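Here's the structure, in structure tokens; my notes come after.
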Amino acid sequence: MSRRVMIRLVAAAAILFCGLAMARAQMPNPYGASVSLENAKKAAAPALAEAEKNHWNMAVAIVDTGGNLIYYEKMDNTQLGSANVAIEKARTAALFKRPSKALQDALAAGGDGLRVLSLKGVTAVEGGIPLVMDGKIVGAIGVSGGTSAQDGQCAKAGADVLK
């Protein structure tokens, strides 16, 4: 490998690690076995119930520790764009071991927080939360369809059921 390529790799890694450090530290929890379909459905149910209670049309996605889709449900009349957004919020939370709101907040703060824009695969919008069982991250939930705060409220309802 040439010196020039090595310098670029080191610089890219430094930017990545700085970006992650300022976006609220990742959860200390280790990854565990991926969430089962049964538990994914258990997490989605209260998220959907919270949305229905508030008359919000939402899409809910549950992913495993690698960000792979395990379960998905979209309420009638939910905007079509929310389908992929829910999945991407869940992937962000699982792969970066933190709620997607932490990345949203870092980005909104500006300055060093703008580094979030260079992180591949990040959806820096509230509504993605890691799923934790027995102290281990087993996947994540992502919700989309309302405001960021509404999405986060529904995602929390789902994440809290597996604790």
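Naming works like this for the structure tokens: A, B, ... for the chains as they're shown, residue 1 at the start of each chain, ligands 1 onward in shown order.
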* Which of chain A fall in strand (DSSP E or B), as an MDAnalysis selection string -> chainID A and resid 31 59:63 69:74 128:133 136:144
* Using only C-alpha atoms: which of A:Asn77, A:Thr123, A:Ser34, A:Asn68 has the shortest distance to Ser100 in chain A ->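 Among the listed residues, the smallest separation from Ser100 in chain A belongs to A:Thr123.
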Just the residues within 9 Å of Ala61 in chain A, please, counting only C-alpha atoms, with nothing from its chain fewer than 3 positions along; format it as a PDB file with C-alpha atoms, in the first residue's frame.
ATOM      1  CA  ALA A  40     -39.700  -8.367  17.177  1.00  0.00           C
ATOM      2  CA  ALA A  44     -43.668  -3.552  17.250  1.00  0.00           C
ATOM      3  CA  LEU A  69     -34.926  -6.496   8.594  1.00  0.00           C
ATOM      4  CA  ILE A  70     -36.703  -8.980  10.881  1.00  0.00           C
ATOM      5  CA  TYR A  71     -40.215  -7.508  11.025  1.00  0.00           C
ATOM      6  CA  TYR A  72     -42.044  -4.646   9.344  1.00  0.00           C
ATOM      7  CA  GLU A  73     -45.544  -3.243   9.547  1.00  0.00           C
ATOM      8  CA  LYS A  74     -47.080  -0.114   8.040  1.00  0.00           C
ATOM      9  CA  ALA A  83     -41.374   2.661   4.842  1.00  0.00           C
ATOM     10  CA  ASN A  84     -37.665   2.977   4.071  1.00  0.00           C
ATOM     11  CA  ALA A  86     -38.287   3.393   9.480  1.00  0.00           C
ATOM     12  CA  ILE A  87     -35.904   0.663   8.333  1.00  0.00           C
ATOM     13  CA  GLU A  88     -32.972   3.084   8.055  1.00  0.00           C
ATOM     14  CA  LYS A  89     -33.627   4.546  11.524  1.00  0.00           C
ATOM     15  CA  ALA A  90     -33.598   1.034  12.979  1.00  0.00           C
ATOM     16  CA  ALA A 140     -33.301  -2.043  17.003  1.00  0.00           C
ATOM     17  CA  ILE A 141     -36.693  -0.535  16.305  1.00  0.00           C
ATOM     18  CA  GLY A 142     -37.309   2.256  13.818  1.00  0.00           C
ATOM     19  CA  VAL A 143     -40.517   4.237  13.471  1.00  0.00           C
ATOM     20  CA  SER A 144     -41.472   6.821  10.849  1.00  0.00           C
TER      21      SER A 144
END
* Would you please extract all alpha helix (DSSP H) residues from range 50-156 of chain A, as assigned by DSSP on the backbone, and give them as a ChimeraX atom specification? => /A:50-53,82-96,100-109,148-156
* **Which of A:Met75, A:Ala25, A:Ile137, A:Val122 sits closest to Trp56 in chain A [using only C-alpha atoms]** => A:Met75
Return as JSON lines the residues of range 43-106 of chain A lying at most 8 Å from range 112-121 of chain A, together with the closest atom-to-atom pair for each and the distance in Å to one decimal, counting only C-alpha atoms, with rows in chain order and ascending residue number.
{"residue": "A:Glu88", "atom": "CA", "partner": "A:Gly121", "partner_atom": "CA", "distance": 7.8}
{"residue": "A:Arg91", "atom": "CA", "partner": "A:Gly121", "partner_atom": "CA", "distance": 8.0}
{"residue": "A:Thr92", "atom": "CA", "partner": "A:Gly121", "partner_atom": "CA", "distance": 6.7}
{"residue": "A:Leu103", "atom": "CA", "partner": "A:Val116", "partner_atom": "CA", "distance": 6.8}
{"residue": "A:Ala106", "atom": "CA", "partner": "A:Gly113", "partner_atom": "CA", "distance": 4.5}
* Asked: Nearest to Met58 in chain A among A:Gly158, A:Gly152, A:Gly145, A:Pro130, with distances taken over only C-alpha atoms: which residue is it?
  ->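 Of all the options, A:Gly145 lies closest to Met58 in chain A.
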* Please measure the separation of CA of Val85 in chain A and CA of Ala49 in chain A, giving the value in Å to one decimal. => 19.3 Å
* Of the candidates A:Val63, A:Ala51, A:Val132, A:Ala155, which shows the shortest atom-to-atom distance to Lys101 in chain A, using only C-alpha atoms? ->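 Checking each of A:Val63, A:Ala51, A:Val132, A:Ala155 against Lys101 in chain A, counting only C-alpha atoms, the winner is A:Ala155.
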* Do you know which residues are at most 7 Å from Leu95 in chain A counting only C-alpha atoms, after dropping those on the same chain fewer than 2 positions away, and could you put them as a PyMOL selection string? -> chain A and resi 65-67+91-93+97
* Polymer residues at most 8 Å from Cys154 in chain A, only C-alpha atoms, same-chain spacing of 5 or more positions, as number ranges by chain -> A: 46-48, 50-51, 127, 143
